[in-house]
Structures are given as structure tokens and as C-alpha cells.
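Here's the structure we're looking at; comments come further down.
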Amino acid sequence: MPETIKSVQIPNIAWETAADIHFPPAFDENKKYPAVVSAHPIGSCKEQTSGNIYGKAMAEAGFVVVAFDASFQGASGGQPRFTENPEFRVSDFRFVVDYIQTLPYVDPKRIGVLGICGGGGYAVNAAMTDYRLKCCVGITPVNFGRLTREAFGNFDPAGALEKMAEQRTLEAQGGERYILNYLPPTLADAQKATTDIDIVEATEYYKTDRGRAPNGATSGLFSFNSAALAWDAFNHAEVLMTRPFMVVVGDKTGGFGAYRDAHEIHGRAGSKEKHVVVLPGISHYNLYDKPEAVQPALEQVLPFLKKHLGEAV
């Protein structure tokens with residue numbers, strides 16, 4: 001019987017991906033389990049909501065869960081640090097699936113994926129482009145490409161690209177790297193700066209003991225964000241998104257746009273089975289860890305995963 005959580009290093013392109021395997025109760029290595037890849041939000045890490053909330057809950061429900069840190073972030077390798085490149089973020093899923101399929105206690109044909117916030121948008125894209133993933137769940141999913149073109153780019157994507165180009169030239173010639181912090185430093189600062197519920201609640205989650213973790217950096221390398229401007233999590237979804245999926249959002253909407261993105265992928269996807277679950281009175285960051293949001297989400301998500309992935313045999 002292994003430990004409840006096992007930390008592993010998964011081979012990636014030229015570095016390793018740090019991941020935690022969450023095991024079901026009474027785990028039996030002689031059985032074959034369904035598995036779920038669990039992906040963290042933008043600027044987050046595997047020790048936060050993707051691991052300690054959803055990873056833990058899915059493992060307790062009978063799945064082997066692999067929660068991983070994105071390349072260039074958390075405890076994973078890759079340089080330069082804090083790169084948020086959607087192509088690499090989606091590629092990470094494929095390497096994690098490669099690894100999961102080697103585990104003798106996992107059925108390689110019963111692997112699903114779940115992601116939260118930006119990780120939810122990446123999970124959708126991974127399910128569209130890696131058909132080893134049999135189903136997909138997005139918890140308050142965000143399309144990082146759309147967000148970068150809009151709010152993160154001050155609704156001036158071409159202007160943002162000009163600034164990124166100038167900054168990258170400076171850095172390539174020895175200048176100091178500009179690490180953009182996505183959030184104000186404290187909750188009080190956030191409340192003074194904005195009334196947007198997503199920014200205020202994100203700061204409360206990431207900058208206080210509620211959700212703070214050593215590798216939850218909430219940071220991005222500004223000059224390398226240019227890769228996101230032309231990327232769309234839902235590109236070709238009408239044709240390529242064939243997997244069953246479920247997206248879960250709250251009806252208290254904020255500037256990060258998860259409610260909008262969830263309904264967009266539901267409308268565009270070619271999947272024969274697709275679900276939007278809207279939780280009343282719930283906000284984006286409630287779905288990270290608040291029991292009144294997480295529990296009703298799991299009441300929809302866990303039966304969906306069991307339907308498409310089955311149970312241990």
C-alpha cells in the first residue's frame with residue numbers, strides 16, 4: 001500500500017514535470033483504476049485547488065489523480081521561470097498522459113482530465129487535441145488567450161504586443177526580466193484598486209492563508225506572454241471537440257470571464273454530450289475551495305467522471 005500522495009518527476013521535453021499522485025482509499029496495486037489529470041489555474045500550483053481540493057476529492061471517489069505543476073512554474077523544470085505559454089501548458093498534459101499510461105495500476109484507456117480557471121481552458125484544449133483523454137471537466141474555466149487579448153492586455157492586444165517585443169529585446173540584450181504579478185500584493189490593496197469580484201477574491205485566495213502556497217506565484221514573465229495573444233483555447237472546437245465534457249461556473253460573474261468562456265465552449269463544441277452547470281450565488285473563487293461551491297460542483301462532476309471512466313476493476 002503506497003502513501004496517500006506520492007510525488008513524482010515526469011519526463012518532459014528537456015526538463016521534468018513535478019506531479020503528485022493522489023491514491024484512492026484502500027488502494028490495491030493489483031487493480032486497474034481510472035485516472036484523472038488535474039491542472040492548476042494560472043499562477044497557481046499543484047498544492048492548491050487542483051490537488052488539495054479537487055485532486056483529493058476525486059481520489060476519495062476512487063480515481064487515481066495526477067496533479068501537476070506547469071512547465072516553468074512551481075516545482076517543475078524549464079527556463080525562463082514564470083513562462084505562461086499556452087502551447088507548453090497543453091503539451092504538459094500529453095507528457096502527463098504518457099506517464100500515467102505506464103502505471104501498472106491504471107487502465108490506459110480510461111483517463112480523463114479536469115482543470116480549474118486557466119487550467120480548465122487548457123484542459124478543454126488538451127481534450128480536443130489528445131484523444132487519449134476520454135472526457136473533460138472545466139471548473140470555472142478561462143480561455144487564457146481571450147483573457148490576454150482583453151483584460152490582461154488592457155483591451156489593446158496590438159499595443160500589448162509592441163510592449164512585449166520591446167521588453168523581450170531588452171532582456172535578450174542582458175536587461176532585467178520583468179515579472180508581472182497578476183494580483184495586488186494584499187487584499188486591502190485589491191479592495192482599494194477595484195470592485196471587480198474576481199480580482200478581489202483572487203487576492204484573498206492567493207495572498208492570505210486561505211490559499212497561499214510557496215509555489216503559488218501568481219506571476220508571469222511579461223515578455224513571454226506574447227505567445228498567448230494569438231492562441232484560442234477553443235479553436236476548431238466545432239470539429240475537434242468530440243469528447244464528453246462538463247463545465248461548472250457560478251452566476252456571480254467577474255472580470256476573468258469564466259461564465260462567458262464556459263458558455264462559449266458549450267455552444268461551439270461538436271461533442272454529442274456536453275453540460276453547463278451554473279451554480280446560483282457562487283463566484284469564480286468560491287469554486288476553488290469553498291464547501292458551499294465545491295460540494296455541489298462535485299455532486300455533478302463525480303457522477304459524470306464515473307459514467308465515462310468507470311471504477312476500479
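Starting from 1 in every chain, residues are counted up; chains themselves are A, B, ... following the order of the C-alpha cells, and ligands are numbered from 1 as listed.
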Any idea what's packed within 10 Å of segment 176-188 of chain A, counting only C-alpha atoms, ignoring anything in its chain fewer than 5 positions away? Could you give it as a ChimeraX atom specification?
/A:42-43,80-83,152,164,167-168,170-171,193,199-208,217-225
Could you please take those selected residues and save N, CA and C atoms as a compact mmCIF listing (two decimals), in the first residue's frame?
# COMPACT_ATOMS: atom_id res chain seq x y z
N ILE A 42 -3.97 29.60 -13.65
CA ILE A 42 -2.87 30.48 -14.00
C ILE A 42 -2.21 30.98 -12.71
N GLY A 43 -0.88 30.92 -12.64
CA GLY A 43 -0.16 31.44 -11.49
C GLY A 43 -0.32 30.62 -10.23
N PRO A 80 12.93 30.23 -19.22
CA PRO A 80 12.95 31.05 -18.01
C PRO A 80 11.72 30.81 -17.15
N ARG A 81 11.86 31.11 -15.87
CA ARG A 81 10.79 30.86 -14.93
C ARG A 81 9.60 31.79 -15.19
N PHE A 82 8.43 31.32 -14.76
CA PHE A 82 7.16 32.06 -14.82
C PHE A 82 6.65 32.26 -16.25
N THR A 83 7.14 31.44 -17.18
CA THR A 83 6.61 31.49 -18.54
C THR A 83 5.19 30.91 -18.54
N PHE A 152 -6.09 41.37 -19.62
CA PHE A 152 -4.65 41.36 -19.33
C PHE A 152 -3.86 42.21 -20.33
N MET A 164 5.56 44.06 -25.31
CA MET A 164 6.24 42.78 -25.07
C MET A 164 7.47 42.63 -25.95
N GLN A 167 10.23 44.77 -24.53
CA GLN A 167 10.77 44.19 -23.30
C GLN A 167 11.62 42.96 -23.58
N ARG A 168 11.19 42.14 -24.53
CA ARG A 168 11.97 40.94 -24.83
C ARG A 168 13.32 41.31 -25.44
N LEU A 170 15.03 43.99 -24.76
CA LEU A 170 15.86 44.43 -23.61
C LEU A 170 16.41 43.23 -22.86
N GLU A 171 15.56 42.25 -22.59
CA GLU A 171 16.00 41.09 -21.83
C GLU A 171 17.01 40.26 -22.60
N ALA A 193 -8.13 49.23 -5.12
CA ALA A 193 -7.88 49.41 -6.55
C ALA A 193 -9.09 49.12 -7.43
N ILE A 199 -10.85 39.90 -9.11
CA ILE A 199 -9.56 40.38 -8.63
C ILE A 199 -9.52 40.41 -7.11
N VAL A 200 -10.58 40.90 -6.50
CA VAL A 200 -10.62 40.97 -5.03
C VAL A 200 -10.56 39.57 -4.42
N GLU A 201 -11.38 38.66 -4.94
CA GLU A 201 -11.41 37.32 -4.36
C GLU A 201 -10.16 36.52 -4.71
N ALA A 202 -9.57 36.76 -5.87
CA ALA A 202 -8.30 36.11 -6.20
C ALA A 202 -7.21 36.52 -5.22
N THR A 203 -7.18 37.81 -4.89
CA THR A 203 -6.18 38.30 -3.95
C THR A 203 -6.41 37.69 -2.57
N GLU A 204 -7.68 37.59 -2.18
CA GLU A 204 -7.98 36.97 -0.89
C GLU A 204 -7.51 35.52 -0.87
N TYR A 205 -7.70 34.81 -1.98
CA TYR A 205 -7.29 33.41 -2.03
C TYR A 205 -5.77 33.26 -2.02
N TYR A 206 -5.10 33.95 -2.93
CA TYR A 206 -3.68 33.72 -3.14
C TYR A 206 -2.77 34.46 -2.16
N LYS A 207 -3.23 35.57 -1.61
CA LYS A 207 -2.35 36.41 -0.80
C LYS A 207 -2.63 36.31 0.70
N THR A 208 -3.50 35.39 1.10
CA THR A 208 -3.76 35.17 2.53
C THR A 208 -3.59 33.69 2.82
N ALA A 217 2.73 31.41 -7.31
CA ALA A 217 3.42 32.69 -7.52
C ALA A 217 2.55 33.81 -8.04
N THR A 218 1.44 33.49 -8.69
CA THR A 218 0.56 34.48 -9.34
C THR A 218 1.36 35.45 -10.21
N SER A 219 2.37 34.94 -10.88
CA SER A 219 3.28 35.79 -11.65
C SER A 219 3.45 35.26 -13.07
N GLY A 220 3.75 36.16 -13.98
CA GLY A 220 4.02 35.78 -15.36
C GLY A 220 5.13 36.62 -15.94
N LEU A 221 5.97 36.00 -16.76
CA LEU A 221 7.05 36.71 -17.44
C LEU A 221 6.44 37.51 -18.59
N PHE A 222 6.39 38.82 -18.44
CA PHE A 222 5.64 39.68 -19.35
C PHE A 222 6.05 39.50 -20.80
N SER A 223 7.34 39.47 -21.08
CA SER A 223 7.80 39.42 -22.47
C SER A 223 7.43 38.12 -23.16
N PHE A 224 7.20 37.06 -22.39
CA PHE A 224 6.86 35.77 -22.98
C PHE A 224 5.35 35.56 -23.08
N ASN A 225 4.57 36.50 -22.60
CA ASN A 225 3.11 36.38 -22.73
C ASN A 225 2.63 36.58 -24.16
Show which residues sit within 9 Å of segment 115-119 of chain A, as an MDAnalysis selection string. Count only C-alpha atoms, and ignore same-chain residues fewer than 4 positions away.
chainID A and resid 37:42 49:50 89 123:124 136:144 256 258 284 287:288
Produce a table with one row for each residue of segment 106-165 of chain A that has an atom at most 8 Å from any atom of segment 25-34 of chain A, each row naming the nearest atom pair and its distance in Å at one decimal; use only C-alpha atoms; arrange rows by chain and rising residue number; format as a Markdown table.
| residue | atom | partner | partner_atom | distance |
| --- | --- | --- | --- | --- |
| A:Val106 | CA | A:Tyr33 | CA | 4.7 |
| A:Asp107 | CA | A:Lys32 | CA | 5.3 |
| A:Pro108 | CA | A:Pro34 | CA | 8.0 |
| A:Arg110 | CA | A:Pro34 | CA | 5.1 |
| A:Ile111 | CA | A:Pro34 | CA | 5.9 |
Write down as a VMD selection string the residues belonging to segment 25-252 of chain A that are assigned strand (DSSP E or B) by DSSP computed on the backbone.
chain A and resid 33 to 39 64 to 68 106 to 116 133 to 139 179 to 181 219 to 221 245 to 252
For Tyr259 of chain A, please output as a tab-separated table (two decimals) with all heavy atoms, in the first residue's frame all residues within 10 Å (counting only C-alpha atoms; exclusion window: fewer than 5 positions along the same chain).
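New file result07.tsv:
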chain	number	residue	atom	x	y	z
A	140	THR	N	-14.93	26.42	-13.52
A	140	THR	CA	-14.85	27.85	-13.79
A	140	THR	C	-13.74	28.14	-14.81
A	140	THR	O	-12.81	28.90	-14.57
A	140	THR	CB	-14.72	28.67	-12.47
A	140	THR	OG1	-15.02	30.03	-12.72
A	140	THR	CG2	-13.42	28.44	-11.73
A	141	PRO	N	-13.84	27.52	-16.02
A	141	PRO	CA	-12.75	27.55	-17.00
A	141	PRO	C	-12.58	28.91	-17.67
A	141	PRO	O	-13.55	29.59	-17.99
A	141	PRO	CB	-13.19	26.50	-18.02
A	141	PRO	CG	-14.69	26.55	-17.96
A	141	PRO	CD	-15.02	26.79	-16.53
A	142	VAL	N	-11.32	29.28	-17.90
A	142	VAL	CA	-10.98	30.55	-18.54
A	142	VAL	C	-10.09	30.29	-19.75
A	142	VAL	O	-9.14	29.51	-19.68
A	142	VAL	CB	-10.27	31.48	-17.55
A	142	VAL	CG1	-9.69	32.71	-18.26
A	142	VAL	CG2	-11.24	31.92	-16.44
A	247	VAL	N	-18.72	21.72	-17.89
A	247	VAL	CA	-18.13	22.93	-17.34
A	247	VAL	C	-19.02	23.43	-16.21
A	247	VAL	O	-20.24	23.39	-16.31
A	247	VAL	CB	-17.94	24.02	-18.43
A	247	VAL	CG1	-16.77	23.68	-19.32
A	247	VAL	CG2	-19.20	24.22	-19.26
A	248	VAL	N	-18.39	23.87	-15.13
A	248	VAL	CA	-19.10	24.31	-13.94
A	248	VAL	C	-18.71	25.74	-13.63
A	248	VAL	O	-17.51	26.06	-13.53
A	248	VAL	CB	-18.77	23.42	-12.73
A	248	VAL	CG1	-19.57	23.87	-11.50
A	248	VAL	CG2	-19.03	21.95	-13.03
A	249	VAL	N	-19.70	26.61	-13.50
A	249	VAL	CA	-19.44	28.02	-13.20
A	249	VAL	C	-20.46	28.51	-12.18
A	249	VAL	O	-21.51	27.90	-11.97
A	249	VAL	CB	-19.52	28.91	-14.46
A	249	VAL	CG1	-18.36	28.65	-15.40
A	249	VAL	CG2	-20.86	28.73	-15.17
A	250	GLY	N	-20.14	29.65	-11.56
A	250	GLY	CA	-21.10	30.34	-10.72
A	250	GLY	C	-21.75	31.47	-11.50
A	250	GLY	O	-21.23	31.91	-12.53
A	251	ASP	N	-22.88	31.95	-10.99
A	251	ASP	CA	-23.57	33.03	-11.70
A	251	ASP	C	-23.16	34.42	-11.22
A	251	ASP	O	-23.67	35.42	-11.73
A	251	ASP	CB	-25.08	32.84	-11.63
A	251	ASP	CG	-25.65	33.03	-10.23
A	251	ASP	OD1	-24.88	33.25	-9.28
A	251	ASP	OD2	-26.89	32.94	-10.08
A	252	LYS	N	-22.22	34.50	-10.27
A	252	LYS	CA	-21.67	35.79	-9.86
A	252	LYS	C	-20.42	36.04	-10.71
A	252	LYS	O	-19.36	35.49	-10.44
A	252	LYS	CB	-21.35	35.80	-8.37
A	252	LYS	CG	-22.57	35.68	-7.48
A	252	LYS	CD	-22.20	35.56	-6.02
A	252	LYS	CE	-21.60	36.85	-5.47
A	252	LYS	NZ	-21.39	36.74	-3.98
A	253	THR	N	-20.56	36.84	-11.75
A	253	THR	CA	-19.51	36.96	-12.75
A	253	THR	C	-18.53	38.08	-12.44
A	253	THR	O	-18.88	39.08	-11.82
A	253	THR	CB	-20.12	37.18	-14.14
A	253	THR	OG1	-20.87	38.40	-14.12
A	253	THR	CG2	-21.05	36.04	-14.51
A	254	GLY	N	-17.30	37.89	-12.90
A	254	GLY	CA	-16.24	38.88	-12.71
A	254	GLY	C	-15.42	39.06	-13.96
A	254	GLY	O	-15.72	38.50	-15.03
A	264	GLU	N	-19.37	29.72	-24.07
A	264	GLU	CA	-18.85	29.71	-25.45
A	264	GLU	C	-18.44	28.30	-25.87
A	264	GLU	O	-18.81	27.85	-26.96
A	264	GLU	CB	-17.66	30.66	-25.58
A	264	GLU	CG	-17.09	30.64	-26.99
A	264	GLU	CD	-15.90	31.56	-27.18
A	264	GLU	OE1	-15.65	32.43	-26.33
A	264	GLU	OE2	-15.20	31.40	-28.21
A	276	VAL	N	-23.36	22.38	-19.18
A	276	VAL	CA	-23.00	23.58	-18.42
A	276	VAL	C	-23.77	23.53	-17.10
A	276	VAL	O	-25.00	23.43	-17.10
A	276	VAL	CB	-23.36	24.88	-19.16
A	276	VAL	CG1	-23.06	26.08	-18.26
A	276	VAL	CG2	-22.57	25.01	-20.45
A	278	VAL	N	-24.49	25.72	-13.86
A	278	VAL	CA	-24.40	27.08	-13.31
A	278	VAL	C	-24.91	27.04	-11.87
A	278	VAL	O	-26.07	26.69	-11.62
A	278	VAL	CB	-25.23	28.08	-14.13
A	278	VAL	CG1	-25.12	29.48	-13.52
A	278	VAL	CG2	-24.76	28.10	-15.59
A	283	SER	N	-19.35	32.49	-6.89
A	283	SER	CA	-18.37	33.24	-7.69
A	283	SER	C	-17.23	32.32	-8.14
A	283	SER	O	-17.11	31.17	-7.70
A	283	SER	CB	-17.81	34.40	-6.86
A	283	SER	OG	-17.05	33.90	-5.77
A	284	HIS	N	-16.39	32.87	-8.98
A	284	HIS	CA	-15.24	32.14	-9.53
A	284	HIS	C	-14.40	31.51	-8.43
A	284	HIS	O	-14.09	30.31	-8.45
A	284	HIS	CB	-14.41	33.12	-10.37
A	284	HIS	CG	-13.25	32.53	-11.10
A	284	HIS	ND1	-13.34	32.06	-12.39
A	284	HIS	CD2	-11.97	32.33	-10.72
A	284	HIS	CE1	-12.16	31.62	-12.79
A	284	HIS	NE2	-11.31	31.75	-11.78
Using only C-alpha atoms, the shortest atom-to-atom distance to Phe23 of chain A among A:Thr4, A:Gln9, A:Thr195, A:Ser76 belongs to A:Thr4
Pick from A:Ala57, A:Ala151, A:Val66, A:Met241: nearest to Gly267 of chain A, with only C-alpha atoms counted?
A:Met241
Grab the atom CA of His263 of chain A to atom CA of Asn235 of chain A distance for me, in Å with one decimal place.
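Interatomic distance here is 14.6 Å.
Between atom CA of Pro24 of chain A and atom CA of Lys134 of chain A there is a distance of 19.9 Å.
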Which residues are near Ser7 of chain A? Cut-off 7 Å, only C-alpha atoms, ignore same chain within fewer than 6 positions. Put them as number ranges by chain.
A: 19-21
Go ahead and compute the interatomic distance for atom CA of Asp232 of chain A and atom CA of Gly270 of chain A, in Å to one decimal.
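Spanning atom CA of Asp232 of chain A to atom CA of Gly270 of chain A is a straight-line distance of 16.2 Å.
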Excluding Gly62 of chain A and any residue of its chain fewer than 3 positions from it, enumerate the residues within 7 Å of it, using only C-alpha atoms, and give them as a PyMOL selection string.
chain A and resi 24+58-59+311
Based on the backbone DSSP call, show me all residues of segment 41-195 of chain A assigned alpha helix (DSSP H), as a PyMOL selection string.
chain A and resi 54-60+86-100+118-129+144-149+157-172+187-193
Of the listed residues A:Pro244, A:Gly55, A:Gly77, A:Gly255, that which approaches Leu305 of chain A most closely, counting only C-alpha atoms:
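For Leu305 of chain A, the nearest of the given residues is A:Pro244.
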